[in-house]
Amino acid sequence: MPAAATHCPYCAFQCAMSLEPRAAPAAPVVVGRDFPTNRGGLCKKGWTSAELLVARDRVVEPLMRDESGRLVPTDWDTALDRIAGCLAASRREHGADSVAVFGGGGLTNEKAYLLGKFARLALGTSRIDYNGRFCMSSAAAAGNRAFGVDRGLPFPVTDLDDAETILLLGSNVAETMPPFVAHLAHTRAAGGLVVVDPRRSATARLTADGCGIHLQPVPGTDLVLLLGLLHVVIQEGLADEGYLRDRTTGFEEVRRSVNAWWPEAVQARTGVPADDIRRVARRLAGGRTYILTGRGVEQHVDGTDTATAAINLALALGLVGSPASGYGTLTGQGNGQGGREHGQKADQLPGYRSISDPVARAMVAEVWGVDPGSIPGPGVPAVQLLDEIGRPGRVRCLLVHGSNVVVSAPDAGRVRAALERLELLVVCDFFLSETAELADVVLPVPQWAEEEGTMTSLEGRVIRRRAALAPPPLVRSELWILAELARRLGSPSEFPVDPAVVFDELARASRGGPADYSGLSHELLDTEVAAYWPFPVGSAGTPRMFLDRFAHSDGRARLVVVRPRAAEPVADGTIALVTGRLLEHYQSGTQSRRVPELRAAAPGARLEVHPATAARLGLVDGGLASVRGALAAVVCRVNVTADIRLDTVFLPFHFPHDESANLVTVAATDPLSGMPELKRTTVRVEPVSVS
């Protein structure tokens with residue numbers, strides 16, 4: 001097979017690459033490919049991604065738990081018959097919502113679409129959501145509220161190349177998507193990179209030597225900081241009054257709401273010097289400015305309001321929809337954008353339509369060939385869905401696709417216990433993840449380089465995923481699995497298995513919706529067209545949104561008043577824990593921890609602690625520490641570093657078992673988005689002696 005042009009399997013930057021096959025058992029050779037986002041570059045995860053294709057612990061045949069409790073090989077008919085029988089019995093005896101589906105932000109658009117259709121029609125359940133609820137939902141809720149539509153970057157990432165100022169809040173792009181850094185070169189040369197992070201991360205270090213400024217607030221106070229920046233913009237006459245008058249509503253209410261947040265008051269709450277707040281606000285008003293947010297500001301119980309505060313600031317400056325400025329949020333997972341558009345969210349139908357909208361229901365029902373009344377109403381977001389698992393009268397059977405909730409979900413110990421109470425747990429995966437280890441049935445599926453489909457990048461560009469090699473003989477696509485289960489369950493609609501045919505159906509179902517893919521097809525995407533949605537039939541797509549109007553009926557953006565929570569008292573002996581990613585690993589680590597080079601570089605979790613804090617707590621570099629939250633404790637190695645605040649510790653979330661950061665995070669959620677509070681947990685840290 002000749003070299004195949006495809007894209008990296010990891011983050012939403014979707015770096016272009018080619019795979020040159022080699023004779024088995026050697027891994028294919030990864031070759032960087034020129035593309036507007038990565039320009040031939042890759043991070044170490046991308047360069048080593050082909051190692052996953054030859055991993056020895058690959059799941060290559062269906063597994064089913066036997067009477068002794070062991071997962072043993074079985075054939076496909078036996079596995080699927082058992083699954084269908086259990087699902088049908090649960091629906092018959094306990095109702096359709098006793099069966100649930102949990103998807104993932106790494107699934108192709110085709111799989112995410114068909115998974116939503118399968119849940120609503122073949123299962124008849126409203127209980128479907130996905131792991132994107134953990135990482136994009138607050139930004140999505142804020143974008144929908146302000147603009148009427150949510151696209152992470154409403155402009156091509158190459159627009160950043162000419163920026164004079166970029167305010168980057170809560171994102172460590174230098175480690176999470178390193179090729180992104182090339183787009184910051186001009187801004188750094190102009191001294192205009194502003195990074196907000198309680199850690200002196202690799203991205204924050206890019207501001208050194210006159211390249212910008214690093215603001216290091218108390219964890220969880222980004223909302224207050226943003227209110228302070230907006231206060232200065234208004235008080236010093238830096239707001240774009242003409243833009244606000246012509247293109248927005250709600251500014252007067254927001255103007256009054258920020259009166260109390262003068263820089264000195266913000267300094268007292270955030271720890272950011274008042275002079276730095278004024279300096280940054282003035283810089284933002286200088287032109288060619290972009291404001292970008294990431295998970296650090298969103299994974300809080302007030303994450304939607306914090307993202308809204310960033311949007312309010314951007315609108316006050318007239319950035320959004322301007323030719324050389326803008327606001328955006330950096331999507332994390334590989335298909336985090338497309339994965340939230342086509343139906344695997346609890347409240348959503350394809351095309352980013354609301355499942356509660358009668359018009360949307362009728363349009364999608366027509367494509368599916370069913371009565372609109374047969375489509376269930378909205379379900380519940382991911383954290384609430386997981387909380388229903390195994391409870392009397394709630395979810396008894398769960399299908400998991402593309403997610404490792406035992407590691408990635410908050411309060412992971414509770415989630416594990418819930419999974420163990422299920423009558424049936426089915427996991428589709430290519431490795432035996434920590435979640436798959438608990439399953440009653442494990443179904444082997446193709447890896448990224450073995451399948452055809454599409455992904456949607458962080459800039460809303462729909463791109464082709466192409467197969468570079470064939471999967472192992474007994475591996476089957478999720479599209480085939482869903483079709484086989486739908487047939488066994490007597491689904492009222494057809495379930496195609498050809499990805500191109502599924503995409504064509506997705507395109508029809510999305511027509512007229514906010515995320516309109518109706519003008520796209522695999523055939524068109526194979527021409528390498530720059531396909532930014534919305535891409536209605538007859539159009540050339542939409543690289544830059546909001547140039548003329550916003551997606552609300554009146555064409556105006558909404559500024560929304562937001563207010564911070566009261567400052568939380570800090571109990572004696574406690575400290576704030578923030579969690580995040582490492583350069584070497586990705587999400588729950590199911591893939592990256594299986595790559596020898598990546599595992600050797602970062603074999604386990606290390607707790608970042610400031611030297612003064614370490615001395616106070618009796619911690620030593622390289623020693624063991626116990627990090628105890630309200631629910632459980634984590635034991636990990638200590639990394640003493642001056643790159644973090646004295647009142648904060650940092651722990652990566654890629655590792656399982658006793659090193660799992662999400663054992664100590666709690667399941668509190670944002671009331672608007674359902675996003676869990678993952679970025680600030682109160683913990684006690686103590687040294688662990690080794691006997």
# chains A, B, ... in the order shown; residues from 1 in each chain; ligands from 1
call {"tool": "closest_atom_pairs", "arguments": {"of": "segment 504-615 of chain A", "to": "segment 321-343 of chain A", "cutoff": "10 Å", "atoms": "only C-alpha atoms", "output": "tab-separated table"}}
result
residue	atom	partner	partner_atom	distance
A:Leu506	CA	A:His342	CA	7.6
A:Ala507	CA	A:His342	CA	9.7
A:Ala509	CA	A:His342	CA	8.8
A:Ser510	CA	A:His342	CA	7.6
A:Gly513	CA	A:Glu341	CA	9.8
A:Pro514	CA	A:Glu341	CA	8.9
A:Ala515	CA	A:Glu341	CA	6.6
A:Asp516	CA	A:Glu341	CA	9.4
A:Arg544	CA	A:Gly321	CA	7.5
A:Met545	CA	A:Gly321	CA	6.3
A:Phe546	CA	A:Gly321	CA	4.5
A:Leu547	CA	A:Gly321	CA	4.4
A:Asp548	CA	A:Gly321	CA	7.3
A:Arg549	CA	A:Gly321	CA	8.1
A:Phe550	CA	A:Gly321	CA	8.4
A:Tyr586	CA	A:Gln333	CA	9.0
A:Gln587	CA	A:Gln333	CA	8.1
call {"tool": "residues_around", "arguments": {"residues": "Gly106 of chain A", "least_positions_apart": "2", "cutoff": "12 Å", "atoms": "only C-alpha atoms", "output": "PyMOL selection string"}}
result
chain A and resi 8-12+14+103-104+108-112+130-132+331-340+344+401-404+429+447-448+453-457+465+586-587+591
call {"tool": "closest_residue", "arguments": {"among": "A:Leu432, A:Val258, A:Val196, A:Leu160", "to": "Leu184 of chain A", "atoms": "only C-alpha atoms"}}
result
A:Leu160
call {"tool": "closest_residue", "arguments": {"among": "A:Tyr243, A:Glu51, A:Val426, A:Leu582", "to": "Ile481 of chain A", "atoms": "only C-alpha atoms"}}
result
A:Val426
call {"tool": "atom_distance", "arguments": {"atom1": "atom CA of Glu20 of chain A", "atom2": "atom CA of Lys45 of chain A"}}
result
17.1 Å
call {"tool": "select_by_dssp", "arguments": {"residues": "segment 299-359 of chain A", "states": "strand (DSSP E or B)", "output": "VMD selection string"}}
result
chain A and resid 326 to 329 333 348 to 349 353 to 354
call {"tool": "write_last_selection", "arguments": {"atoms": "all heavy atoms", "output": "PDB file, in the first residue's frame"}}
result
ATOM      1  N   GLY A 326     -10.030  38.846  16.973  1.00  0.00           N
ATOM      2  CA  GLY A 326     -11.050  37.848  17.229  1.00  0.00           C
ATOM      3  C   GLY A 326     -11.000  37.252  18.607  1.00  0.00           C
ATOM      4  O   GLY A 326     -10.110  37.546  19.414  1.00  0.00           O
ATOM      5  N   TYR A 327     -11.995  36.413  18.858  1.00  0.00           N
ATOM      6  CA  TYR A 327     -12.081  35.607  20.073  1.00  0.00           C
ATOM      7  C   TYR A 327     -12.256  34.157  19.659  1.00  0.00           C
ATOM      8  O   TYR A 327     -12.965  33.855  18.679  1.00  0.00           O
ATOM      9  CB  TYR A 327     -13.266  36.021  20.944  1.00  0.00           C
ATOM     10  CG  TYR A 327     -13.616  34.969  21.983  1.00  0.00           C
ATOM     11  CD1 TYR A 327     -12.937  34.915  23.196  1.00  0.00           C
ATOM     12  CD2 TYR A 327     -14.575  33.989  21.719  1.00  0.00           C
ATOM     13  CE1 TYR A 327     -13.214  33.923  24.123  1.00  0.00           C
ATOM     14  CE2 TYR A 327     -14.860  32.995  22.645  1.00  0.00           C
ATOM     15  CZ  TYR A 327     -14.176  32.970  23.848  1.00  0.00           C
ATOM     16  OH  TYR A 327     -14.437  31.974  24.756  1.00  0.00           O
ATOM     17  N   GLY A 328     -11.639  33.240  20.402  1.00  0.00           N
ATOM     18  CA  GLY A 328     -11.846  31.823  20.137  1.00  0.00           C
ATOM     19  C   GLY A 328     -11.484  30.992  21.338  1.00  0.00           C
ATOM     20  O   GLY A 328     -10.861  31.475  22.295  1.00  0.00           O
ATOM     21  N   THR A 329     -11.889  29.747  21.306  1.00  0.00           N
ATOM     22  CA  THR A 329     -11.537  28.806  22.360  1.00  0.00           C
ATOM     23  C   THR A 329     -10.855  27.605  21.725  1.00  0.00           C
ATOM     24  O   THR A 329     -11.222  27.174  20.632  1.00  0.00           O
ATOM     25  CB  THR A 329     -12.776  28.402  23.177  1.00  0.00           C
ATOM     26  OG1 THR A 329     -12.388  27.573  24.257  1.00  0.00           O
ATOM     27  CG2 THR A 329     -13.786  27.678  22.328  1.00  0.00           C
ATOM     28  N   GLN A 333      -9.759  17.726  22.358  1.00  0.00           N
ATOM     29  CA  GLN A 333      -9.754  16.373  21.812  1.00  0.00           C
ATOM     30  C   GLN A 333      -9.716  16.379  20.286  1.00  0.00           C
ATOM     31  O   GLN A 333     -10.143  17.342  19.643  1.00  0.00           O
ATOM     32  CB  GLN A 333     -10.981  15.608  22.280  1.00  0.00           C
ATOM     33  CG  GLN A 333     -10.989  15.325  23.770  1.00  0.00           C
ATOM     34  CD  GLN A 333     -12.090  14.358  24.154  1.00  0.00           C
ATOM     35  OE1 GLN A 333     -11.975  13.159  23.934  1.00  0.00           O
ATOM     36  NE2 GLN A 333     -13.157  14.884  24.721  1.00  0.00           N
ATOM     37  N   GLN A 348     -28.931  17.190  21.961  1.00  0.00           N
ATOM     38  CA  GLN A 348     -28.548  17.636  20.632  1.00  0.00           C
ATOM     39  C   GLN A 348     -28.957  16.662  19.528  1.00  0.00           C
ATOM     40  O   GLN A 348     -28.948  15.446  19.717  1.00  0.00           O
ATOM     41  CB  GLN A 348     -27.028  17.811  20.633  1.00  0.00           C
ATOM     42  CG  GLN A 348     -26.417  18.273  19.344  1.00  0.00           C
ATOM     43  CD  GLN A 348     -24.947  17.932  19.313  1.00  0.00           C
ATOM     44  OE1 GLN A 348     -24.575  16.801  19.016  1.00  0.00           O
ATOM     45  NE2 GLN A 348     -24.121  18.885  19.662  1.00  0.00           N
ATOM     46  N   LEU A 349     -29.305  17.231  18.384  1.00  0.00           N
ATOM     47  CA  LEU A 349     -29.496  16.483  17.146  1.00  0.00           C
ATOM     48  C   LEU A 349     -28.428  16.920  16.138  1.00  0.00           C
ATOM     49  O   LEU A 349     -27.757  17.931  16.347  1.00  0.00           O
ATOM     50  CB  LEU A 349     -30.892  16.732  16.585  1.00  0.00           C
ATOM     51  CG  LEU A 349     -32.058  16.085  17.345  1.00  0.00           C
ATOM     52  CD1 LEU A 349     -33.389  16.570  16.779  1.00  0.00           C
ATOM     53  CD2 LEU A 349     -31.971  14.564  17.294  1.00  0.00           C
ATOM     54  N   ARG A 353     -28.234  21.057  16.327  1.00  0.00           N
ATOM     55  CA  ARG A 353     -29.606  21.464  16.605  1.00  0.00           C
ATOM     56  C   ARG A 353     -30.027  21.011  17.996  1.00  0.00           C
ATOM     57  O   ARG A 353     -29.597  19.984  18.488  1.00  0.00           O
ATOM     58  CB  ARG A 353     -30.564  20.849  15.589  1.00  0.00           C
ATOM     59  CG  ARG A 353     -30.449  21.379  14.170  1.00  0.00           C
ATOM     60  CD  ARG A 353     -31.585  20.780  13.369  1.00  0.00           C
ATOM     61  NE  ARG A 353     -31.689  21.326  12.035  1.00  0.00           N
ATOM     62  CZ  ARG A 353     -31.183  20.755  10.949  1.00  0.00           C
ATOM     63  NH1 ARG A 353     -30.510  19.618  11.062  1.00  0.00           N
ATOM     64  NH2 ARG A 353     -31.343  21.307   9.773  1.00  0.00           N
ATOM     65  N   SER A 354     -30.942  21.746  18.578  1.00  0.00           N
ATOM     66  CA  SER A 354     -31.508  21.369  19.864  1.00  0.00           C
ATOM     67  C   SER A 354     -32.512  20.244  19.679  1.00  0.00           C
ATOM     68  O   SER A 354     -33.389  20.307  18.802  1.00  0.00           O
ATOM     69  CB  SER A 354     -32.207  22.564  20.510  1.00  0.00           C
ATOM     70  OG  SER A 354     -32.983  22.151  21.622  1.00  0.00           O
TER      71      SER A 354
END
call {"tool": "atom_distance", "arguments": {"atom1": "atom CA of Leu607 of chain A", "atom2": "atom CA of Ile644 of chain A"}}
result
10.9 Å
call {"tool": "residues_around", "arguments": {"residues": "segment 207-212 of chain A", "least_positions_apart": "3", "cutoff": "7 Å", "atoms": "only C-alpha atoms", "output": "ChimeraX atom specification"}}
result
/A:188-194,204
call {"tool": "residues_around", "arguments": {"residues": "Val272 of chain A", "least_positions_apart": "6", "cutoff": "12 Å", "atoms": "only C-alpha atoms", "output": "CSV table (one decimal) with all heavy atoms, in the first residue's frame"}}
result
chain,number,residue,atom,x,y,z
A,196,VAL,N,-2.1,33.7,30.9
A,196,VAL,CA,-2.7,33.7,32.2
A,196,VAL,C,-2.7,32.2,32.7
A,196,VAL,O,-3.4,31.4,32.1
A,196,VAL,CB,-4.2,34.2,32.2
A,196,VAL,CG1,-4.8,34.2,33.6
A,196,VAL,CG2,-4.2,35.7,31.7
A,197,ASP,N,-1.9,32.0,33.8
A,197,ASP,CA,-1.8,30.6,34.3
A,197,ASP,C,-1.2,30.7,35.6
A,197,ASP,O,-0.2,31.4,35.8
A,197,ASP,CB,-0.9,29.8,33.3
A,197,ASP,CG,-1.1,28.3,33.5
A,197,ASP,OD1,-1.1,27.8,34.7
A,197,ASP,OD2,-1.1,27.5,32.5
A,198,PRO,N,-1.7,29.9,36.6
A,198,PRO,CA,-1.1,29.9,38.0
A,198,PRO,C,0.3,29.2,38.0
A,198,PRO,O,1.1,29.4,38.9
A,198,PRO,CB,-2.1,29.1,38.8
A,198,PRO,CG,-2.9,28.3,37.9
A,198,PRO,CD,-3.0,29.2,36.6
A,213,ILE,N,3.9,39.0,28.7
A,213,ILE,CA,3.7,39.1,30.2
A,213,ILE,C,3.0,37.9,30.6
A,213,ILE,O,2.1,37.4,30.0
A,213,ILE,CB,3.0,40.4,30.6
A,213,ILE,CG1,2.9,40.5,32.1
A,213,ILE,CG2,1.6,40.5,29.9
A,213,ILE,CD1,2.4,41.9,32.6
A,214,HIS,N,3.4,37.4,31.8
A,214,HIS,CA,2.7,36.2,32.4
A,214,HIS,C,2.0,36.7,33.6
A,214,HIS,O,2.6,37.2,34.6
A,214,HIS,CB,3.8,35.2,32.8
A,214,HIS,CG,3.2,34.0,33.6
A,214,HIS,ND1,4.0,33.3,34.5
A,214,HIS,CD2,2.0,33.5,33.6
A,214,HIS,CE1,3.2,32.3,35.0
A,214,HIS,NE2,2.0,32.4,34.5
A,215,LEU,N,0.7,36.5,33.6
A,215,LEU,CA,-0.2,36.8,34.8
A,215,LEU,C,-0.5,35.5,35.5
A,215,LEU,O,-0.9,34.5,34.9
A,215,LEU,CB,-1.5,37.5,34.4
A,215,LEU,CG,-1.4,38.7,33.5
A,215,LEU,CD1,-2.8,39.3,33.2
A,215,LEU,CD2,-0.5,39.8,34.1
A,216,GLN,N,-0.2,35.5,36.8
A,216,GLN,CA,-0.2,34.3,37.6
A,216,GLN,C,-1.3,34.4,38.7
A,216,GLN,O,-0.9,34.5,39.9
A,216,GLN,CB,1.2,34.0,38.2
A,216,GLN,CG,1.5,32.6,38.4
A,216,GLN,CD,3.0,32.4,38.7
A,216,GLN,OE1,3.8,33.3,38.6
A,216,GLN,NE2,3.4,31.1,38.9
A,217,PRO,N,-2.6,34.3,38.4
A,217,PRO,CA,-3.6,34.5,39.4
A,217,PRO,C,-3.8,33.3,40.3
A,217,PRO,O,-3.4,32.2,40.0
A,217,PRO,CB,-4.9,34.7,38.5
A,217,PRO,CG,-4.6,33.9,37.3
A,217,PRO,CD,-3.1,34.0,37.1
A,218,VAL,N,-4.5,33.5,41.4
A,218,VAL,CA,-4.9,32.5,42.3
A,218,VAL,C,-5.8,31.5,41.5
A,218,VAL,O,-6.7,32.0,40.7
A,218,VAL,CB,-5.7,33.0,43.5
A,218,VAL,CG1,-6.3,31.9,44.3
A,218,VAL,CG2,-4.8,33.9,44.4
A,219,PRO,N,-5.7,30.2,41.6
A,219,PRO,CA,-6.6,29.3,40.9
A,219,PRO,C,-8.0,29.6,41.1
A,219,PRO,O,-8.5,29.9,42.3
A,219,PRO,CB,-6.2,27.9,41.4
A,219,PRO,CG,-4.8,28.1,41.9
A,219,PRO,CD,-4.7,29.5,42.4
A,221,THR,N,-9.7,32.2,39.9
A,221,THR,CA,-10.1,33.7,39.9
A,221,THR,C,-10.0,34.3,38.6
A,221,THR,O,-9.9,35.6,38.5
A,221,THR,CB,-9.2,34.4,40.9
A,221,THR,OG1,-7.8,34.3,40.5
A,221,THR,CG2,-9.3,33.9,42.3
A,222,ASP,N,-10.0,33.5,37.5
A,222,ASP,CA,-9.9,34.1,36.2
A,222,ASP,C,-11.1,35.0,35.9
A,222,ASP,O,-10.9,36.0,35.2
A,222,ASP,CB,-9.8,33.0,35.1
A,222,ASP,CG,-8.6,32.1,35.3
A,222,ASP,OD1,-7.5,32.6,35.0
A,222,ASP,OD2,-8.8,31.0,35.7
A,224,VAL,N,-12.7,37.0,37.9
A,224,VAL,CA,-12.4,38.3,38.5
A,224,VAL,C,-11.4,39.1,37.7
A,224,VAL,O,-11.5,40.3,37.5
A,224,VAL,CB,-11.9,38.1,40.0
A,224,VAL,CG1,-11.5,39.4,40.6
A,224,VAL,CG2,-13.0,37.5,40.8
A,225,LEU,N,-10.4,38.4,37.3
A,225,LEU,CA,-9.3,39.0,36.5
A,225,LEU,C,-9.9,39.6,35.2
A,225,LEU,O,-9.6,40.8,34.8
A,225,LEU,CB,-8.2,38.0,36.1
A,225,LEU,CG,-7.1,38.5,35.2
A,225,LEU,CD1,-6.4,39.7,35.8
A,225,LEU,CD2,-6.1,37.4,34.9
A,226,LEU,N,-10.8,38.9,34.5
A,226,LEU,CA,-11.4,39.3,33.3
A,226,LEU,C,-12.3,40.5,33.5
A,226,LEU,O,-12.4,41.5,32.7
A,226,LEU,CB,-12.2,38.2,32.6
A,226,LEU,CG,-11.3,37.1,32.0
A,226,LEU,CD1,-12.1,35.8,31.8
A,226,LEU,CD2,-10.7,37.6,30.6
A,228,GLY,N,-11.8,42.7,35.8
A,228,GLY,CA,-10.9,43.8,36.1
A,228,GLY,C,-10.4,44.4,34.8
A,228,GLY,O,-10.3,45.6,34.6
A,229,LEU,N,-10.0,43.5,33.8
A,229,LEU,CA,-9.6,44.0,32.5
A,229,LEU,C,-10.7,44.8,31.8
A,229,LEU,O,-10.4,45.8,31.2
A,229,LEU,CB,-9.1,42.8,31.6
A,229,LEU,CG,-7.9,42.1,32.1
A,229,LEU,CD1,-7.7,40.8,31.3
A,229,LEU,CD2,-6.6,43.0,31.9
A,263,PRO,N,-8.8,47.8,39.4
A,263,PRO,CA,-7.6,47.0,39.5
A,263,PRO,C,-7.1,46.6,40.9
A,263,PRO,O,-6.7,45.5,41.1
A,263,PRO,CB,-6.5,47.8,38.7
A,263,PRO,CG,-7.3,48.6,37.7
A,263,PRO,CD,-8.6,48.9,38.5
A,264,GLU,N,-7.1,47.5,41.8
A,264,GLU,CA,-6.7,47.2,43.2
A,264,GLU,C,-7.6,46.2,43.8
A,264,GLU,O,-7.1,45.3,44.6
A,264,GLU,CB,-6.6,48.5,44.0
A,264,GLU,CG,-5.4,49.4,43.7
A,264,GLU,CD,-5.5,50.1,42.3
A,264,GLU,OE1,-6.7,50.2,41.8
A,264,GLU,OE2,-4.5,50.6,41.8
A,265,ALA,N,-8.9,46.3,43.6
A,265,ALA,CA,-9.8,45.3,44.1
A,265,ALA,C,-9.5,43.9,43.5
A,265,ALA,O,-9.6,42.9,44.2
A,265,ALA,CB,-11.2,45.7,43.9
A,266,VAL,N,-9.2,43.9,42.2
A,266,VAL,CA,-8.9,42.6,41.5
A,266,VAL,C,-7.6,42.1,42.0
A,266,VAL,O,-7.5,40.8,42.2
A,266,VAL,CB,-8.9,42.9,40.0
A,266,VAL,CG1,-8.4,41.6,39.3
A,266,VAL,CG2,-10.3,43.3,39.5
A,278,ARG,N,-3.7,47.0,34.3
A,278,ARG,CA,-3.9,48.2,33.5
A,278,ARG,C,-3.0,48.0,32.2
A,278,ARG,O,-3.5,48.4,31.1
A,278,ARG,CB,-3.5,49.4,34.2
A,278,ARG,CG,-4.4,49.8,35.4
A,278,ARG,CD,-4.0,51.1,36.0
A,278,ARG,NE,-5.0,51.5,37.0
A,278,ARG,CZ,-4.9,51.2,38.3
A,278,ARG,NH1,-3.8,50.5,38.8
A,278,ARG,NH2,-5.8,51.6,39.2
A,279,ARG,N,-1.8,47.6,32.4
A,279,ARG,CA,-0.9,47.4,31.2
A,279,ARG,C,-1.5,46.5,30.2
A,279,ARG,O,-1.5,46.7,29.0
A,279,ARG,CB,0.4,46.9,31.7
A,279,ARG,CG,1.4,46.5,30.7
A,279,ARG,CD,2.7,45.9,31.3
A,279,ARG,NE,3.5,45.2,30.4
A,279,ARG,CZ,4.5,44.4,30.8
A,279,ARG,NH1,4.7,44.2,32.1
A,279,ARG,NH2,5.3,43.8,29.9
A,280,VAL,N,-2.1,45.3,30.6
A,280,VAL,CA,-2.6,44.4,29.7
A,280,VAL,C,-3.9,44.9,29.0
A,280,VAL,O,-4.0,44.8,27.8
A,280,VAL,CB,-2.9,43.0,30.4
A,280,VAL,CG1,-3.7,42.1,29.5
A,280,VAL,CG2,-1.6,42.3,30.8
A,645,ARG,N,2.7,28.7,41.8
A,645,ARG,CA,2.4,29.5,43.0
A,645,ARG,C,2.7,28.8,44.3
A,645,ARG,O,2.5,27.6,44.3
A,645,ARG,CB,1.0,30.0,42.9
A,645,ARG,CG,0.7,31.0,41.8
A,645,ARG,CD,-0.8,31.4,41.9
A,645,ARG,NE,-1.2,31.9,43.2
A,645,ARG,CZ,-1.3,33.2,43.5
A,645,ARG,NH1,-1.0,34.1,42.6
A,645,ARG,NH2,-1.6,33.5,44.7
call {"tool": "closest_residue", "arguments": {"among": "A:Arg416, A:Val664, A:Ala365, A:Arg637", "to": "Lys117 of chain A", "atoms": "only C-alpha atoms"}}
result
A:Ala365
call {"tool": "closest_residue", "arguments": {"among": "A:Val181, A:Val427, A:Leu598, A:Val627", "to": "Lys44 of chain A", "atoms": "only C-alpha atoms"}}
result
A:Leu598
call {"tool": "closest_residue", "arguments": {"among": "A:Leu153, A:Leu223, A:Val30, A:Ala614", "to": "Gly460 of chain A", "atoms": "only C-alpha atoms"}}
result
A:Leu153
call {"tool": "residues_around", "arguments": {"residues": "Trp368 of chain A", "least_positions_apart": "6", "cutoff": "12 Å", "atoms": "only C-alpha atoms", "output": "count of residues only"}}
result
26
call {"tool": "closest_residue", "arguments": {"among": "A:Asp129, A:Asp159, A:Glu452, A:Asp302", "to": "Ala4 of chain A", "atoms": "only C-alpha atoms"}}
result
A:Glu452
call {"tool": "select_by_dssp", "arguments": {"residues": "segment 539-632 of chain A", "states": "alpha helix (DSSP H)", "output": "MDAnalysis selection string"}}
result
chainID A and resid 596:601 611:617
call {"tool": "residues_around", "arguments": {"residues": "Leu42 of chain A", "least_positions_apart": "2", "cutoff": "8 Å", "atoms": "only C-alpha atoms", "output": "PyMOL selection string"}}
result
chain A and resi 15+32+38+40+44-47+178-179
call {"tool": "atom_distance", "arguments": {"atom1": "atom CA of Thr527 of chain A", "atom2": "atom CA of Glu478 of chain A"}}
result
26.0 Å
